[in-house]
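Trainee: Data file run30.pdb (PDB, C-alpha atoms and all ligand atoms) is appended below.
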```pdb
ATOM      1  CA  MET P   1     -81.281-148.558 125.184
ATOM      2  CA  THR P   2     -78.919-150.529 127.416
ATOM      3  CA  GLU P   3     -78.702-150.060 131.152
ATOM      4  CA  ALA P   4     -75.733-150.970 133.304
ATOM      5  CA  THR P   5     -74.363-150.911 136.821
ATOM      6  CA  PRO P   6     -70.923-149.807 137.995
ATOM      7  CA  GLN P   7     -69.881-153.429 138.504
ATOM      8  CA  HIS P   8     -70.602-154.399 134.938
ATOM      9  CA  ILE P   9     -70.531-151.804 132.214
ATOM     10  CA  ALA P  10     -72.135-153.467 129.254
ATOM     11  CA  ILE P  11     -72.138-151.401 126.119
ATOM     12  CA  PRO P  12     -73.500-152.594 122.799
ATOM     13  CA  ALA P  13     -70.635-152.938 120.320
ATOM     14  CA  GLY P  14     -72.149-150.409 117.905
ATOM     15  CA  ILE P  15     -72.400-147.753 120.596
ATOM     16  CA  LEU P  16     -68.887-148.420 121.873
ATOM     17  CA  GLU P  17     -67.583-148.020 118.338
ATOM     18  CA  ARG P  18     -69.383-144.666 118.027
ATOM     19  CA  LEU P  19     -67.908-143.570 121.370
ATOM     20  CA  ARG P  20     -64.419-144.565 120.263
ATOM     21  CA  SER P  21     -64.538-143.051 116.812
ATOM     22  CA  ALA P  22     -66.278-139.765 117.700
ATOM     23  CA  LYS P  23     -64.338-136.649 116.803
ATOM     24  CA  SER P  24     -66.515-134.046 118.482
ATOM     25  CA  VAL P  25     -67.928-134.526 121.977
ATOM     26  CA  ALA P  26     -69.888-132.293 124.338
ATOM     27  CA  VAL P  27     -70.615-132.974 127.998
ATOM     28  CA  LEU P  28     -73.222-131.415 130.287
ATOM     29  CA  THR P  29     -72.622-131.898 133.996
ATOM     30  CA  GLY P  30     -74.704-131.071 137.045
ATOM     31  CA  ALA P  31     -74.443-131.279 140.800
ATOM     32  CA  GLY P  32     -74.274-135.094 140.771
ATOM     33  CA  VAL P  33     -70.771-135.028 139.306
ATOM     34  CA  SER P  34     -69.551-133.260 142.463
ATOM     35  CA  ALA P  35     -71.595-135.354 144.920
ATOM     36  CA  GLU P  36     -68.668-137.700 145.475
ATOM     37  CA  SER P  37     -66.535-134.675 146.350
ATOM     38  CA  GLY P  38     -68.893-134.056 149.261
ATOM     39  CA  ILE P  39     -70.895-131.217 147.712
ATOM     40  CA  PRO P  40     -74.639-131.624 148.145
ATOM     41  CA  THR P  41     -76.932-131.748 145.136
ATOM     42  CA  PHE P  42     -80.145-129.719 144.986
ATOM     43  CA  ARG P  43     -83.041-132.087 144.390
ATOM     44  CA  ASP P  44     -81.929-135.384 145.916
ATOM     45  CA  LYS P  45     -83.565-136.435 149.214
ATOM     46  CA  ASP P  46     -81.066-134.490 151.326
ATOM     47  CA  GLY P  47     -80.387-131.889 148.657
ATOM     48  CA  LEU P  48     -80.109-128.170 149.318
ATOM     49  CA  TRP P  49     -83.623-127.391 148.138
ATOM     50  CA  ALA P  50     -85.024-129.797 150.749
ATOM     51  CA  ASN P  51     -83.714-127.451 153.445
ATOM     52  CA  PHE P  52     -83.461-124.024 151.823
ATOM     53  CA  ASP P  53     -86.090-122.190 149.828
ATOM     54  CA  PRO P  54     -84.500-121.297 146.462
ATOM     55  CA  GLN P  55     -86.631-118.156 146.228
ATOM     56  CA  LYS P  56     -85.159-116.942 149.487
ATOM     57  CA  TYR P  57     -81.542-118.073 149.001
ATOM     58  CA  ALA P  58     -80.908-118.097 145.246
ATOM     59  CA  SER P  59     -83.158-115.674 143.432
ATOM     60  CA  VAL P  60     -83.215-112.069 142.310
ATOM     61  CA  GLU P  61     -86.116-111.453 144.695
ATOM     62  CA  GLY P  62     -84.208-113.056 147.579
ATOM     63  CA  TRP P  63     -81.252-110.733 146.981
ATOM     64  CA  ALA P  64     -83.488-107.683 146.859
ATOM     65  CA  ALA P  65     -85.185-108.714 150.103
ATOM     66  CA  ASN P  66     -82.163-109.801 152.118
ATOM     67  CA  PRO P  67     -78.703-109.616 150.474
ATOM     68  CA  GLN P  68     -76.985-110.286 153.821
ATOM     69  CA  LEU P  69     -78.724-113.654 154.132
ATOM     70  CA  MET P  70     -77.810-114.680 150.594
ATOM     71  CA  TRP P  71     -74.224-113.434 150.967
ATOM     72  CA  GLY P  72     -73.864-115.545 154.109
ATOM     73  CA  TRP P  73     -75.425-118.637 152.523
ATOM     74  CA  TYR P  74     -73.175-118.441 149.454
ATOM     75  CA  GLY P  75     -70.246-117.798 151.792
ATOM     76  CA  VAL P  76     -70.868-121.041 153.678
ATOM     77  CA  ARG P  77     -71.136-122.937 150.390
ATOM     78  CA  ARG P  78     -67.965-121.243 149.094
ATOM     79  CA  ASP P  79     -66.037-122.324 152.180
ATOM     80  CA  ALA P  80     -67.230-125.931 151.724
ATOM     81  CA  MET P  81     -66.387-125.873 148.011
ATOM     82  CA  ARG P  82     -62.924-124.499 148.789
ATOM     83  CA  GLN P  83     -62.244-127.604 150.890
ATOM     84  CA  ALA P  84     -63.588-130.015 148.237
ATOM     85  CA  ARG P  85     -61.328-131.892 145.849
ATOM     86  CA  PRO P  86     -62.070-133.257 142.363
ATOM     87  CA  ASN P  87     -63.249-136.877 142.376
ATOM     88  CA  PRO P  88     -62.594-139.666 139.833
ATOM     89  CA  ALA P  89     -65.449-138.405 137.629
ATOM     90  CA  HIS P  90     -63.860-134.959 137.198
ATOM     91  CA  ILE P  91     -60.516-136.599 136.461
ATOM     92  CA  ALA P  92     -61.977-139.063 133.951
ATOM     93  CA  LEU P  93     -63.479-136.115 132.050
ATOM     94  CA  CYS P  94     -59.977-134.641 131.693
ATOM     95  CA  ARG P  95     -58.931-137.916 130.055
ATOM     96  CA  LEU P  96     -61.830-137.583 127.605
ATOM     97  CA  GLU P  97     -60.716-134.044 126.801
ATOM     98  CA  ASP P  98     -57.278-135.440 125.899
ATOM     99  CA  TYR P  99     -58.797-138.219 123.775
ATOM    100  CA  TYR P 100     -61.225-136.305 121.563
ATOM    101  CA  PRO P 101     -60.010-133.719 119.022
ATOM    102  CA  ASP P 102     -63.000-131.464 119.765
ATOM    103  CA  PHE P 103     -64.247-131.546 123.344
ATOM    104  CA  THR P 104     -66.529-129.106 125.150
ATOM    105  CA  LEU P 105     -67.398-129.310 128.821
ATOM    106  CA  VAL P 106     -70.535-127.443 129.858
ATOM    107  CA  THR P 107     -71.391-127.397 133.541
ATOM    108  CA  GLN P 108     -74.174-126.064 135.714
ATOM    109  CA  ASN P 109     -71.842-126.317 138.701
ATOM    110  CA  ILE P 110     -70.319-123.250 140.319
ATOM    111  CA  ASP P 111     -67.778-125.158 142.428
ATOM    112  CA  ASN P 112     -64.727-124.818 140.148
ATOM    113  CA  LEU P 113     -63.923-128.543 140.505
ATOM    114  CA  HIS P 114     -63.702-129.233 136.758
ATOM    115  CA  ARG P 115     -61.027-126.550 136.435
ATOM    116  CA  LEU P 116     -59.248-127.810 139.528
ATOM    117  CA  ALA P 117     -59.179-131.305 138.013
ATOM    118  CA  GLY P 118     -57.462-129.881 134.920
ATOM    119  CA  SER P 119     -60.297-129.404 132.432
ATOM    120  CA  THR P 120     -59.615-126.387 130.265
ATOM    121  CA  ASP P 121     -62.167-124.012 128.816
ATOM    122  CA  VAL P 122     -65.085-125.020 131.039
ATOM    123  CA  LEU P 123     -68.364-123.333 130.068
ATOM    124  CA  GLU P 124     -69.900-122.455 133.440
ATOM    125  CA  LEU P 125     -73.553-121.828 132.638
ATOM    126  CA  HIS P 126     -74.396-120.777 136.199
ATOM    127  CA  GLY P 127     -71.173-118.901 136.949
ATOM    128  CA  ASN P 128     -68.445-119.521 139.501
ATOM    129  CA  ILE P 129     -68.820-119.047 143.241
ATOM    130  CA  PHE P 130     -65.190-117.929 143.576
ATOM    131  CA  HIS P 131     -65.738-114.928 141.298
ATOM    132  CA  PHE P 132     -67.509-111.688 142.241
ATOM    133  CA  ARG P 133     -69.313-108.838 140.523
ATOM    134  CA  CYS P 134     -70.607-105.393 141.358
ATOM    135  CA  SER P 135     -74.354-105.899 141.807
ATOM    136  CA  GLU P 136     -75.145-102.680 139.938
ATOM    137  CA  GLU P 137     -72.491-102.313 137.229
ATOM    138  CA  HIS P 138     -71.796-106.063 136.788
ATOM    139  CA  THR P 139     -68.061-105.460 136.547
ATOM    140  CA  LEU P 140     -65.861-108.277 137.803
ATOM    141  CA  ILE P 141     -64.331-107.527 141.195
ATOM    142  CA  GLU P 142     -61.067-109.163 142.192
ATOM    143  CA  ASP P 143     -60.539-107.405 145.485
ATOM    144  CA  ALA P 144     -62.708-105.466 147.916
ATOM    145  CA  PRO P 145     -62.573-104.944 151.665
ATOM    146  CA  GLY P 146     -64.244-107.886 153.408
ATOM    147  CA  LEU P 147     -64.322-110.097 150.309
ATOM    148  CA  ASP P 148     -62.340-112.832 152.046
ATOM    149  CA  ALA P 149     -63.811-112.256 155.505
ATOM    150  CA  PRO P 150     -64.649-115.583 157.167
ATOM    151  CA  VAL P 151     -68.323-116.448 157.204
ATOM    152  CA  ASP P 152     -69.960-117.433 160.490
ATOM    153  CA  ALA P 153     -71.600-120.702 159.431
ATOM    154  CA  GLU P 154     -73.513-121.094 162.688
ATOM    155  CA  ALA P 155     -75.002-117.629 162.391
ATOM    156  CA  VAL P 156     -76.010-118.377 158.796
ATOM    157  CA  ALA P 157     -77.620-121.654 159.918
ATOM    158  CA  ARG P 158     -79.646-119.621 162.447
ATOM    159  CA  GLY P 159     -80.835-117.479 159.530
ATOM    160  CA  GLU P 160     -78.635-114.479 160.354
ATOM    161  CA  GLY P 161     -77.079-112.540 157.503
ATOM    162  CA  GLN P 162     -73.463-111.514 157.004
ATOM    163  CA  GLU P 163     -72.125-108.098 156.078
ATOM    164  CA  VAL P 164     -71.899-107.739 152.297
ATOM    165  CA  PRO P 165     -68.707-106.151 150.898
ATOM    166  CA  ARG P 166     -68.999-103.013 148.776
ATOM    167  CA  CYS P 167     -67.736-102.395 145.236
ATOM    168  CA  PRO P 168     -64.510-100.384 145.582
ATOM    169  CA  THR P 169     -65.479 -98.251 142.554
ATOM    170  CA  CYS P 170     -69.131 -97.331 143.112
ATOM    171  CA  GLY P 171     -70.004 -98.545 146.618
ATOM    172  CA  ALA P 172     -72.796-100.903 145.484
ATOM    173  CA  LEU P 173     -73.057-104.353 147.036
ATOM    174  CA  VAL P 174     -70.735-107.084 145.801
ATOM    175  CA  ARG P 175     -72.432-110.314 144.711
ATOM    176  CA  PRO P 176     -71.192-113.779 143.790
ATOM    177  CA  ASP P 177     -70.756-114.211 140.032
ATOM    178  CA  VAL P 178     -73.462-116.849 139.790
ATOM    179  CA  VAL P 179     -76.804-117.054 138.015
ATOM    180  CA  TRP P 180     -79.887-116.822 140.221
ATOM    181  CA  PHE P 181     -83.481-117.753 139.556
ATOM    182  CA  GLY P 182     -84.963-114.849 137.653
ATOM    183  CA  GLU P 183     -81.719-114.216 135.725
ATOM    184  CA  SER P 184     -80.508-115.354 132.318
ATOM    185  CA  VAL P 185     -77.479-117.439 131.549
ATOM    186  CA  GLU P 186     -74.769-115.265 129.955
ATOM    187  CA  ALA P 187     -75.567-115.223 126.229
ATOM    188  CA  ALA P 188     -71.961-115.652 125.035
ATOM    189  CA  ILE P 189     -71.524-118.783 127.156
ATOM    190  CA  TYR P 190     -74.817-120.313 126.061
ATOM    191  CA  THR P 191     -74.029-119.564 122.413
ATOM    192  CA  ARG P 192     -70.771-121.494 122.689
ATOM    193  CA  ALA P 193     -72.503-124.339 124.536
ATOM    194  CA  SER P 194     -75.225-124.663 121.925
ATOM    195  CA  ALA P 195     -72.729-124.472 119.034
ATOM    196  CA  ALA P 196     -70.710-127.318 120.573
ATOM    197  CA  THR P 197     -73.936-129.255 121.151
ATOM    198  CA  LYS P 198     -75.012-128.882 117.532
ATOM    199  CA  ARG P 199     -71.711-130.090 116.094
ATOM    200  CA  CYS P 200     -71.002-132.983 118.460
ATOM    201  CA  ASP P 201     -71.126-136.680 117.565
ATOM    202  CA  VAL P 202     -71.679-137.694 121.189
ATOM    203  CA  PHE P 203     -73.393-135.784 124.007
ATOM    204  CA  PHE P 204     -72.918-136.907 127.610
ATOM    205  CA  ILE P 205     -75.422-135.882 130.312
ATOM    206  CA  ILE P 206     -73.837-136.498 133.702
ATOM    207  CA  GLY P 207     -75.249-135.972 137.195
ATOM    208  CA  THR P 208     -78.067-133.593 136.373
ATOM    209  CA  SER P 209     -81.801-133.896 136.981
ATOM    210  CA  SER P 210     -82.199-132.239 133.570
ATOM    211  CA  ILE P 211     -85.044-129.992 134.550
ATOM    212  CA  VAL P 212     -83.452-126.547 134.808
ATOM    213  CA  GLN P 213     -83.518-124.463 131.640
ATOM    214  CA  PRO P 214     -81.792-123.574 129.431
ATOM    215  CA  ALA P 215     -79.274-126.340 130.240
ATOM    216  CA  ALA P 216     -81.932-129.028 129.928
ATOM    217  CA  LEU P 217     -82.585-128.012 126.321
ATOM    218  CA  LEU P 218     -79.079-128.942 125.209
ATOM    219  CA  PRO P 219     -79.619-132.730 125.052
ATOM    220  CA  TYR P 220     -82.694-132.206 122.840
ATOM    221  CA  LEU P 221     -80.633-129.966 120.585
ATOM    222  CA  ALA P 222     -77.896-132.618 120.419
ATOM    223  CA  GLN P 223     -80.408-135.275 119.492
ATOM    224  CA  ARG P 224     -81.952-133.119 116.774
ATOM    225  CA  HIS P 225     -78.451-132.871 115.314
ATOM    226  CA  HIS P 226     -78.051-136.682 115.424
ATOM    227  CA  ALA P 227     -75.640-137.003 118.343
ATOM    228  CA  LEU P 228     -75.459-140.180 120.383
ATOM    229  CA  LEU P 229     -76.869-139.395 123.856
ATOM    230  CA  VAL P 230     -75.257-141.013 126.894
ATOM    231  CA  GLU P 231     -76.670-140.401 130.368
ATOM    232  CA  ILE P 232     -74.791-141.200 133.597
ATOM    233  CA  ASN P 233     -76.910-140.938 136.734
ATOM    234  CA  PRO P 234     -77.900-143.289 139.564
ATOM    235  CA  GLU P 235     -81.543-142.328 139.001
ATOM    236  CA  PRO P 236     -83.730-142.046 135.926
ATOM    237  CA  THR P 237     -84.427-138.495 134.757
ATOM    238  CA  PRO P 238     -86.856-136.967 132.268
ATOM    239  CA  LEU P 239     -84.089-137.419 129.679
ATOM    240  CA  SER P 240     -83.472-141.104 130.258
ATOM    241  CA  ALA P 241     -86.044-142.177 127.690
ATOM    242  CA  LEU P 242     -84.264-140.059 125.091
ATOM    243  CA  ALA P 243     -80.802-141.482 125.808
ATOM    244  CA  ASP P 244     -79.213-144.094 123.547
ATOM    245  CA  LEU P 245     -77.268-145.375 126.552
ATOM    246  CA  ALA P 246     -78.228-144.851 130.198
ATOM    247  CA  LEU P 247     -75.572-145.911 132.683
ATOM    248  CA  ARG P 248     -77.004-146.152 136.186
ATOM    249  CA  GLY P 249     -74.621-145.413 139.036
ATOM    250  CA  PRO P 250     -72.437-142.719 140.570
ATOM    251  CA  ALA P 251     -70.363-140.822 138.024
ATOM    252  CA  GLY P 252     -67.166-141.497 139.996
ATOM    253  CA  ALA P 253     -67.721-145.231 139.626
ATOM    254  CA  ILE P 254     -69.000-145.261 136.037
ATOM    255  CA  LEU P 255     -66.792-142.764 134.263
ATOM    256  CA  PRO P 256     -63.283-144.157 134.955
ATOM    257  CA  PRO P 257     -64.012-147.656 133.550
ATOM    258  CA  LEU P 258     -66.074-146.132 130.736
ATOM    259  CA  VAL P 259     -63.154-143.918 129.740
ATOM    260  CA  ASP P 260     -60.852-146.962 129.948
ATOM    261  CA  LEU P 261     -63.175-148.734 127.504
ATOM    262  CA  ILE P 262     -63.347-145.782 125.132
ATOM    263  CA  THR P 263     -59.644-145.052 125.062
ATOM    264  CA  ALA P 264     -58.422-148.686 125.090
ATOM    265  CA  THR P 265     -57.237-150.385 121.949
ATOM    266  CA  PRO P 266     -60.358-152.138 120.655
ATOM    267  CA  THR P 267     -60.702-155.735 121.833
ATOM    268  CA  PRO P 268     -63.145-158.397 120.626
ATOM    269  CA  SER P 269     -65.281-158.037 123.809
ATOM    270  CA  PRO P 270     -67.033-154.754 124.619
ATOM    271  CA  THR P 271     -67.630-155.823 128.238
ATOM    272  CA  LEU P 272     -65.481-154.857 131.207
ATOM    273  CA  PRO P 273     -65.997-157.161 134.204
TER     274      PRO P 273
HETATM  275  P1  LIG S   1     -80.027-131.628 140.871
HETATM  276  O1  LIG S   1     -79.867-131.692 142.337
HETATM  277  O2  LIG S   1     -81.324-131.144 140.324
HETATM  278  O3  LIG S   1     -79.769-133.064 140.259
HETATM  279  C1  LIG S   1     -78.650-133.809 140.634
HETATM  280  C2  LIG S   1     -78.662-135.108 139.841
HETATM  281  O4  LIG S   1     -77.459-135.795 140.160
HETATM  282  C3  LIG S   1     -79.821-136.042 140.183
HETATM  283  O5  LIG S   1     -80.429-136.480 138.984
HETATM  284  C4  LIG S   1     -79.160-137.198 140.924
HETATM  285  O6  LIG S   1     -79.799-138.445 140.690
HETATM  286  C5  LIG S   1     -77.773-137.157 140.325
HETATM  287  N1  LIG S   1     -76.707-137.719 141.182
HETATM  288  C6  LIG S   1     -76.635-137.783 142.519
HETATM  289  N2  LIG S   1     -75.473-138.337 142.902
HETATM  290  C7  LIG S   1     -74.791-138.631 141.768
HETATM  291  C8  LIG S   1     -73.525-139.206 141.487
HETATM  292  N3  LIG S   1     -72.698-139.606 142.456
HETATM  293  N4  LIG S   1     -73.148-139.339 140.197
HETATM  294  C9  LIG S   1     -73.972-138.934 139.200
HETATM  295  N5  LIG S   1     -75.174-138.382 139.394
HETATM  296  C10 LIG S   1     -75.584-138.236 140.661
HETATM  297  O7  LIG S   1     -78.800-130.778 140.312
HETATM  298  P2  LIG S   1     -78.639-130.095 138.873
HETATM  299  O8  LIG S   1     -79.301-130.903 137.825
HETATM  300  O9  LIG S   1     -77.223-129.763 138.721
HETATM  301  O10 LIG S   1     -79.139-123.811 139.788
HETATM  302  O11 LIG S   1     -79.462-128.765 139.102
HETATM  303  C11 LIG S   1     -79.434-127.792 138.091
HETATM  304  C12 LIG S   1     -79.523-126.424 138.708
HETATM  305  O12 LIG S   1     -80.637-126.391 139.618
HETATM  306  C13 LIG S   1     -78.338-126.043 139.584
HETATM  307  O13 LIG S   1     -77.266-125.537 138.843
HETATM  308  C14 LIG S   1     -78.920-125.040 140.516
HETATM  309  C15 LIG S   1     -80.224-125.725 140.839
HETATM  310  O14 LIG S   1     -81.268-124.899 141.217
HETATM  311  C16 LIG S   1     -79.093-122.624 140.439
HETATM  312  O15 LIG S   1     -78.848-122.525 141.625
HETATM  313  C17 LIG S   1     -79.381-121.466 139.566
END
```
Show this structure as structure tokens.
Mentor:
Amino acid sequence: MTEATPQHIAIPAGILERLRSAKSVAVLTGAGVSAESGIPTFRDKDGLWANFDPQKYASVEGWAANPQLMWGWYGVRRDAMRQARPNPAHIALCRLEDYYPDFTLVTQNIDNLHRLAGSTDVLELHGNIFHFRCSEEHTLIEDAPGLDAPVDAEAVARGEGQEVPRCPTCGALVRPDVVWFGESVEAAIYTRASAATKRCDVFFIIGTSSIVQPAALLPYLAQRHHALLVEINPEPTPLSALADLALRGPAGAILPPLVDLITATPTPSPTLP
């Protein structure tokens, strides 16, 4: 395994050749890829779970107990995500999509930033915060009274809930189209993600702590099917020991020069100063 810093991406020649010549590539991203867009991660020192109890704010039980609180909390996050813009990491991944004949982007993020950057066919394992469903019939809802009502962030910070819109068809509560603790990832999406993982030559793991299932199983599946594993993260994770290449640093600093290296005409030196 080779480690590197953003200032000096050193990649063994054999690995660089595998990155350049791969035909099929799959990528798993997590909250870290959006950190440089100003969106907080979950488990870093100042991450969301340091301040908010996931059982209360992001679980099936939390919704049953207090849907107004969860609606308000997701509303505040939605407003912040609406203001956010893709960063160089999101954009570099679009360049990889153009380079490889078969490219699959799997994300745990609900912020829509990969799509906004221009990635097509993003497999959103945990849903999309800008989409909504009926909480009882699970039908997608595009419009409902109050759906776009501004959220009072200060009230939410004080722990006060916000009024939840109702499904225009059946009157049940509307919910964000995201996956909560206690729920399963949509089977059709996971099936596509695992198929791409099994056939890929290279599997990138970017900005995820790699502990939430079933996403965290994908790198193991890729390895069992002989893919090269490349991790990009400022910190070691439980998957680092498995990776063939672990690049330490922020994704927005590592990915652009890495993509330059991969897509450049091969040169005698595999090192970019
Ligand atoms: P985590 O917060 O668990 O992990 C974020 C990872 O990003 C950490 O390993 C950081 O070291 C890394 N990181 C931080 N800044 C970075 C940067 N600039 N570039 C690259 N990496 C960086 O977030 P996830 O792994 O995405 O689920 O969490 C997975 C799921 O757990 C989320 O989708 C969410 C959460 O509970 C639900 O809410 C259902």
Trainee: Residues within 9 Å of P:Cys167, please, as a list in words. Count all atoms listed in the file; anything in the same chain fewer than 3 positions from it doesn't count.
Mentor: Arg133, Cys134, Ser135, Ile141, Asp143, Ala144, Pro145, Cys170, Gly171, Ala172, Leu173 and Val174 of chain P
Trainee: Any chance you could resolve the PyMOL selection byres (((not hetatm)) within 7 of (chain S and resi 1)) against this file and give the residues as a PyMOL selection string?
Mentor: chain P and resi 29-33+35-36+41-44+47+58+108-109+126+179-181+206-212+232-235+237+249-252
Trainee: Write out as a list in words the residues lying within 6 Å of P:Ala222, counting all atoms listed in the file and excluding same-chain residues fewer than 5 positions away.
Mentor: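 Answer for this query is Thr197, Lys198 and Ala227 of chain P.
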Trainee: Identify, on the basis of all atoms listed in the file, every residue whose closest approach to P:Leu258 does not exceed 8 Å; exclude the query and any residue fewer than 4 positions from it along the same chain; express the result as a short mmCIF file (atom, residue, chain, number, x, y, z; two decimals) with C-alpha atoms, keeping the file's coordinate frame.
Mentor:
```
data_model
loop_
_atom_site.label_atom_id
_atom_site.label_comp_id
_atom_site.auth_asym_id
_atom_site.auth_seq_id
_atom_site.Cartn_x
_atom_site.Cartn_y
_atom_site.Cartn_z
CA ILE P 9 -70.53 -151.80 132.21
CA ILE P 254 -69.00 -145.26 136.04
CA ILE P 262 -63.35 -145.78 125.13
#
```
Trainee: Could you state which residues are captured by the PyMOL selection byres (((chain P and resi 67) around 10) and not hetatm) in this file, as number ranges by chain?
Mentor: P: 56-57, 60-66, 68-73, 161-164, 173-175
Trainee: In Å, how far is it from atom CA of P:Ala50 to atom CA of P:Leu218?
Mentor: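 Taking atom CA of P:Ala50 as the start and atom CA of P:Leu218 as the end point, the length is 26.2 Å.
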Trainee: What does the PyMOL selection byres (((chain P and resi 131) around 7) and not hetatm) select in this file, as a PyMOL selection string?
Mentor: chain P and resi 128-130+132+176-177
Trainee: For the atom pair atom CA of P:Ala193 and atom CA of P:Glu17, what is the interatomic distance in Å to one decimal place?
Mentor: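 Rounded to one decimal, the two atoms are 25.0 Å apart.
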